[in-house]
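Chemist: Got a structure for you, written out below as structure tokens; questions coming shortly.
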Amino acid sequence: MGEGESLYLAHIAEDGRLQTVKEHAEGTARLAAGFASEFDMEEEARYIGLMHDIGKFSAPFQKRLQGGPKVDHSTAGAFEAQKDGKIAAAFCIAGHHSGLPDGGTRADVEGSTLLARLNRAKRGELENYDAWSEEIHPGKFRPFQSQDRQELFFRIKMLYSCLVDADFLDTESFMNGSVHRAEQFRVEELERALLDYIAPWFPAKTTLNRLRCEILENVMREGTDCDRGLFSLTVPTGGGKTVASLAFAIRHARARGLKRIIYVIPYTSIIEQTAEVFRSIVGKENVLEHHSGVELKEDEDSLFYMRAAENWDMPIIVTTAVQFFESFYKNRSSNSRKLHNVANSVVIFDEAQMLPVPFIRPCMKLVTELVKSYGTSAVLCTATQPALDPIIREFLPGTEVKELCPDRLFGQPVFQRVCYQKRGSISEEQLAAELNERQQVLCIVNSRKAAQDIYQRLDTEGSYHLSTFMYPEHRRRTLAQIRQRLVDGQVCRVVSTSLIEAGVDVDFPCVYRQIAGLDSVLQAGGRCNREGKQDRSDSIVHIFELECGSPELFSMQIEASAKVLQNYDDISGKEAVKAYFEQLFYYKGEGALDQKKILLQITEKGFLFETIAKQFQLIGTDTRTLYIRTSDNEKELDAVKYGYADKQTYRRLALYSINLYEYQYRKLIENHAIEDYERGECVLVDTSLYSEKTGLQLEGDAGQALFI
């Protein structure tokens, strides 16, 4: 270290290179300011970047770099920010390692709330870090101010994202010598690839394809002409929604200078299919598939995609609704790095009707805030548009949601490919007998137990079962067999839970659907006569109820559907769909749409970042991961068992995993059927309980739906 250089270090690389606190602070500030410039908070981001590590200007931290005990180096910057009236910066700095804290009360001294930490600092409990002011010069600026606590909540989230991503990237760059990230988003290349892909579709040779092309041309035109905002894309099943939505996003990104496209899907089971379509259009180097079931190999490409998943630094992201929404409401740095990259993007919410009812208000608050304050264009994309207008008008007064698919195209007879037949109650025996009379048929029921029971009554030849009690790779193989038999005209009878409905590309001549939410019934209809190869009158979707009933969690949806079935002849029409969602969303009041009172807590109780992170769970927290041992995953399971598994190992094992509720886990423990591993995972040791036909066998399990 040369004469006059700082004696205070932030990092020491394995090869002995030294990075000073000043160098790291300035590098982090530069990156964070660049990120925040996307939403006009550049000065605040630069400030928190400069101030986040001033606690490292202490003798104990310098000893820590040589192997000494841990030192709190985050509270110092938060304390200085608070003294300067910059509360948002104080939250971000305090939580840049441990996660955004709750604000706490003025009386807090013990614990991890922000005020407890600041009160301890005020009492002189921090190590001396006074040397910071000789090297760090943050400057003056007016911090962002608002009386709207919900707006401030998301401002802090975005600033925090800028800080933690910048901190990580600057550190990674120093430690590794470089950062391997995606090339700059070149939307012109994506557009050329899209135009090459769709060129063979024109001129269309059939009525159905002509209408698909009209929808495609219309959304591409709107993508060019429309300003940023909130859109709906209500395309009938079979209307080419997936490609049309991507085409809109590419054209819109080019016309409005948006920097990436994020595709949000409710089910992990259909992400693979969508991501593969996108890769075939624009190339795999432009598409990041981000969810728990992605399999990564041990190579440079996989390392690149794994790093990109940490902060969504790719042109096109395909992810889950759980990943997207929980990232904004969680408080950990690992969840938050990607958030700033959502600003100035096109976000497509595929199957928007599947937003979880108990969290619709906080989910839509986020969507509207992204549109209002962060330059995002959002598209609610579905064949059954949920009735969200009252919520949108509340959160975005005066805003009209622009529909991208004209009514004249939605209502075309060619899209009416099925007839819905209302049936009464039916026994499992009678239902199985009817299914056995058909060569190719799909039956969708509301519980795993019903699916297994009905499957057991079917003739052996050509019969298949699908549920979330089959690990993902097992389901993938089964679906491949089903598709091939359908194409070959062979016997194919399938009994499934709802996982087959949204976006799974199968085409049956006849479908049976146990009564559920109207959107689910219509999604089931989308698996019938999908390509319009037979007359509508011969393509029947039978809506029935089982004598054994449905799980209680479906009761609200079933009640709302029953009223629509009673009052509307055309249950697939927009008016019927609107009536269904109005009944489902609003008849119990707005509390049903924010069961955890997330928004109320933000407004009335201040910034409870840690508390809200624990409460905002789109899927239940009482689940455990069960791995099914196969010949393909022995090495990975041993790595988990003996404690040397890495992220890639867990990603690969996700293909062989099943989520268990606590009562299911306890049942297997009591029967000595599983072995626990240290991190809370478990592996099935009683192999007789896993069937190659129906997956995991749990006697008496009624089946619970998972939003995945």
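Simple scheme: letters A, B, ... for chains in structure tokens order, numbers from 1 for residues in each chain, numbers from 1 for ligands in the order shown.
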Show me, as a list in words, the residues that have an atom within 6 Å of segment 395-409 of chain A when counting only C-alpha atoms, minus same-chain residues fewer than 2 positions from it.

Modeler: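 The filter keeps Val219, Leu230, Phe231, Ser232, Leu233, Ile392, Arg393, Gly411 and Gln412 of chain A.
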
Chemist: Quick check for you: according to DSSP on this backbone, which residues of segment 649-700 of chain A are classed as strand (DSSP E or B)? Reply as a PyMOL selection string.

Modeler: chain A and resi 657-661+674-676+682-684+690-691+695-696

Chemist: DSSP on the backbone, helix (DSSP H, G or I) only: what residues of segment 254-376 of chain A does that give? Format it as a ChimeraX atom specification.

Modeler: /A:254-256,268-282,284-286,300-311,321-329,333-336,339-342,352-354,357-373

Chemist: Name all residues at most 7 Å from Glu289 of chain A (count only C-alpha atoms; drop same-chain ones fewer than 6 positions away) and give them as a ChimeraX atom specification.

Modeler: /A:275,317-319

Chemist: I'd like the contact shell of segment 546-560 of chain A - 10 Å cut-off, only C-alpha atoms, skipping same-chain residues fewer than 4 positions apart - returned as number ranges by chain.

Modeler: A: 424-428, 430-431, 445-447, 450, 514-520, 564-565, 579-585, 587-588, 702-705

Chemist: Which residues come within 9 Å of Thr384 of chain A, counting only C-alpha atoms, excluding same-chain residues fewer than 5 positions away, as an MDAnalysis selection string?

Modeler: chainID A and resid 234:236 351:353 518:519 522:523 572:574 577:578

Chemist: Report as a PDB file with N, CA and C atoms, in the first residue's frame all protein, DNA and RNA residues lying within 10 Å of Leu194 of chain A, evaluated on only C-alpha atoms, omitting residues in the same chain fewer than 6 positions from it.

Modeler:
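Dumped to selection20.pdb:
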```
ATOM      1  N   GLU A 188     -33.869  -4.589 -31.104  1.00  0.00           N
ATOM      2  CA  GLU A 188     -33.970  -4.719 -32.558  1.00  0.00           C
ATOM      3  C   GLU A 188     -33.682  -6.153 -32.994  1.00  0.00           C
ATOM      4  N   VAL A 243     -47.535 -16.133 -28.017  1.00  0.00           N
ATOM      5  CA  VAL A 243     -46.721 -15.419 -28.997  1.00  0.00           C
ATOM      6  C   VAL A 243     -47.196 -13.973 -29.134  1.00  0.00           C
ATOM      7  N   LEU A 246     -45.804 -11.837 -26.286  1.00  0.00           N
ATOM      8  CA  LEU A 246     -44.384 -11.561 -26.487  1.00  0.00           C
ATOM      9  C   LEU A 246     -44.185 -10.540 -27.598  1.00  0.00           C
ATOM     10  N   ALA A 247     -44.962 -10.658 -28.676  1.00  0.00           N
ATOM     11  CA  ALA A 247     -44.856  -9.714 -29.794  1.00  0.00           C
ATOM     12  C   ALA A 247     -45.201  -8.296 -29.339  1.00  0.00           C
ATOM     13  N   ILE A 250     -42.195  -6.971 -27.236  1.00  0.00           N
ATOM     14  CA  ILE A 250     -41.019  -6.598 -28.027  1.00  0.00           C
ATOM     15  C   ILE A 250     -41.255  -5.276 -28.751  1.00  0.00           C
ATOM     16  N   ARG A 251     -42.404  -5.151 -29.415  1.00  0.00           N
ATOM     17  CA  ARG A 251     -42.704  -3.905 -30.122  1.00  0.00           C
ATOM     18  C   ARG A 251     -42.788  -2.724 -29.143  1.00  0.00           C
ATOM     19  N   PHE A 278     -40.249 -19.263 -26.197  1.00  0.00           N
ATOM     20  CA  PHE A 278     -39.504 -18.009 -26.324  1.00  0.00           C
ATOM     21  C   PHE A 278     -38.085 -18.268 -26.837  1.00  0.00           C
ATOM     22  N   SER A 280     -37.157 -20.665 -28.752  1.00  0.00           N
ATOM     23  CA  SER A 280     -37.235 -21.008 -30.169  1.00  0.00           C
ATOM     24  C   SER A 280     -37.443 -19.772 -31.044  1.00  0.00           C
ATOM     25  N   ILE A 281     -37.967 -18.704 -30.438  1.00  0.00           N
ATOM     26  CA  ILE A 281     -38.221 -17.468 -31.193  1.00  0.00           C
ATOM     27  C   ILE A 281     -36.996 -16.561 -31.191  1.00  0.00           C
ATOM     28  N   VAL A 282     -36.419 -16.296 -30.009  1.00  0.00           N
ATOM     29  CA  VAL A 282     -35.370 -15.270 -29.903  1.00  0.00           C
ATOM     30  C   VAL A 282     -34.008 -15.825 -29.521  1.00  0.00           C
TER      31      VAL A 282
END
```

Chemist: In Å to one decimal, how far is atom CA of Ala654 of chain A from atom CA of Gln484 of chain A?

Modeler: 25.5 Å

Chemist: If we count only C-alpha atoms, what is near Val491 of chain A at a cut-off of 12 Å, once residues fewer than 6 positions away on the same chain are taken out, given as a PDB file with N, CA and C atoms, in the first residue's frame?

Modeler:
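That gives us out_15.pdb:
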```
ATOM      1  N   LEU A 435     -65.811 -42.774 -18.324  1.00  0.00           N
ATOM      2  CA  LEU A 435     -64.491 -42.528 -18.902  1.00  0.00           C
ATOM      3  C   LEU A 435     -63.989 -43.751 -19.666  1.00  0.00           C
ATOM      4  N   ASN A 436     -64.260 -44.941 -19.127  1.00  0.00           N
ATOM      5  CA  ASN A 436     -63.809 -46.177 -19.781  1.00  0.00           C
ATOM      6  C   ASN A 436     -64.489 -46.407 -21.124  1.00  0.00           C
ATOM      7  N   GLU A 437     -65.623 -45.763 -21.326  1.00  0.00           N
ATOM      8  CA  GLU A 437     -66.329 -45.919 -22.598  1.00  0.00           C
ATOM      9  C   GLU A 437     -65.723 -45.070 -23.714  1.00  0.00           C
ATOM     10  N   ARG A 438     -64.803 -44.173 -23.369  1.00  0.00           N
ATOM     11  CA  ARG A 438     -64.238 -43.256 -24.355  1.00  0.00           C
ATOM     12  C   ARG A 438     -62.791 -43.630 -24.669  1.00  0.00           C
ATOM     13  N   GLN A 439     -62.419 -43.419 -25.928  1.00  0.00           N
ATOM     14  CA  GLN A 439     -61.063 -43.734 -26.364  1.00  0.00           C
ATOM     15  C   GLN A 439     -60.059 -42.687 -25.878  1.00  0.00           C
ATOM     16  N   GLN A 440     -60.430 -41.409 -25.997  1.00  0.00           N
ATOM     17  CA  GLN A 440     -59.551 -40.326 -25.561  1.00  0.00           C
ATOM     18  C   GLN A 440     -60.375 -39.335 -24.747  1.00  0.00           C
ATOM     19  N   VAL A 441     -59.993 -39.144 -23.482  1.00  0.00           N
ATOM     20  CA  VAL A 441     -60.779 -38.286 -22.603  1.00  0.00           C
ATOM     21  C   VAL A 441     -59.898 -37.772 -21.468  1.00  0.00           C
ATOM     22  N   LEU A 442     -60.170 -36.548 -21.055  1.00  0.00           N
ATOM     23  CA  LEU A 442     -59.484 -35.934 -19.918  1.00  0.00           C
ATOM     24  C   LEU A 442     -60.506 -35.665 -18.827  1.00  0.00           C
ATOM     25  N   LEU A 458     -59.984 -47.135 -13.662  1.00  0.00           N
ATOM     26  CA  LEU A 458     -59.938 -47.115 -15.117  1.00  0.00           C
ATOM     27  C   LEU A 458     -59.283 -48.381 -15.669  1.00  0.00           C
ATOM     28  N   ASP A 459     -59.641 -48.719 -16.916  1.00  0.00           N
ATOM     29  CA  ASP A 459     -58.955 -49.807 -17.600  1.00  0.00           C
ATOM     30  C   ASP A 459     -57.471 -49.487 -17.685  1.00  0.00           C
ATOM     31  N   THR A 460     -56.636 -50.498 -17.639  1.00  0.00           N
ATOM     32  CA  THR A 460     -55.187 -50.293 -17.572  1.00  0.00           C
ATOM     33  C   THR A 460     -54.622 -49.673 -18.834  1.00  0.00           C
ATOM     34  N   GLU A 461     -55.044 -50.148 -19.993  1.00  0.00           N
ATOM     35  CA  GLU A 461     -54.443 -49.700 -21.244  1.00  0.00           C
ATOM     36  C   GLU A 461     -54.703 -48.210 -21.490  1.00  0.00           C
ATOM     37  N   GLY A 462     -53.637 -47.455 -21.702  1.00  0.00           N
ATOM     38  CA  GLY A 462     -53.750 -46.054 -22.101  1.00  0.00           C
ATOM     39  C   GLY A 462     -54.285 -45.114 -21.046  1.00  0.00           C
ATOM     40  N   SER A 463     -54.286 -45.516 -19.771  1.00  0.00           N
ATOM     41  CA  SER A 463     -54.793 -44.646 -18.709  1.00  0.00           C
ATOM     42  C   SER A 463     -53.632 -44.001 -17.955  1.00  0.00           C
ATOM     43  N   TYR A 464     -53.792 -42.712 -17.636  1.00  0.00           N
ATOM     44  CA  TYR A 464     -52.723 -41.956 -16.984  1.00  0.00           C
ATOM     45  C   TYR A 464     -53.282 -41.094 -15.855  1.00  0.00           C
ATOM     46  N   GLN A 481     -45.716 -38.831 -22.916  1.00  0.00           N
ATOM     47  CA  GLN A 481     -46.408 -40.047 -23.376  1.00  0.00           C
ATOM     48  C   GLN A 481     -47.846 -39.732 -23.766  1.00  0.00           C
ATOM     49  N   ILE A 482     -48.512 -38.903 -22.964  1.00  0.00           N
ATOM     50  CA  ILE A 482     -49.908 -38.534 -23.250  1.00  0.00           C
ATOM     51  C   ILE A 482     -49.994 -37.836 -24.608  1.00  0.00           C
ATOM     52  N   ARG A 483     -49.122 -36.867 -24.828  1.00  0.00           N
ATOM     53  CA  ARG A 483     -49.158 -36.122 -26.090  1.00  0.00           C
ATOM     54  C   ARG A 483     -48.928 -37.044 -27.286  1.00  0.00           C
ATOM     55  N   GLN A 484     -48.004 -37.964 -27.136  1.00  0.00           N
ATOM     56  CA  GLN A 484     -47.709 -38.862 -28.251  1.00  0.00           C
ATOM     57  C   GLN A 484     -48.892 -39.763 -28.565  1.00  0.00           C
ATOM     58  N   ARG A 485     -49.564 -40.285 -27.541  1.00  0.00           N
ATOM     59  CA  ARG A 485     -50.726 -41.154 -27.765  1.00  0.00           C
ATOM     60  C   ARG A 485     -51.866 -40.381 -28.413  1.00  0.00           C
ATOM     61  N   PHE A 508     -57.797 -32.873 -26.259  1.00  0.00           N
ATOM     62  CA  PHE A 508     -58.669 -34.035 -26.117  1.00  0.00           C
ATOM     63  C   PHE A 508     -60.005 -33.773 -26.813  1.00  0.00           C
ATOM     64  N   PRO A 509     -60.636 -34.813 -27.345  1.00  0.00           N
ATOM     65  CA  PRO A 509     -61.952 -34.622 -27.966  1.00  0.00           C
ATOM     66  C   PRO A 509     -63.072 -34.430 -26.944  1.00  0.00           C
TER      67      PRO A 509
END
```

Chemist: Between atom CA of Ala383 of chain A and atom CA of Ala480 of chain A, what is the distance, to one decimal in Å?

Modeler: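 Pair atom CA of Ala383 of chain A / atom CA of Ala480 of chain A returns 25.1 Å.
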
Chemist: Using only C-alpha atoms, which residue out of A:Ile444, A:Met51, A:Val71, A:Val685 lies closest to Tyr627 of chain A?

Modeler: A:Val685

Chemist: Closest to Tyr644 of chain A among A:Arg332, A:Ser327, A:Thr630, A:Arg679, using only C-alpha atoms?

Modeler: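 Checking each of A:Arg332, A:Ser327, A:Thr630, A:Arg679 against Tyr644 of chain A, counting only C-alpha atoms, the winner is A:Arg679.
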
Chemist: Restricting the calculation to only C-alpha atoms: of A:Asp84, A:Glu214, A:Asp227, A:Asp165, which residue gets closest to Trp312 of chain A?

Modeler: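 Ranking A:Asp84, A:Glu214, A:Asp227, A:Asp165 by distance to Trp312 of chain A, first place goes to A:Asp165.
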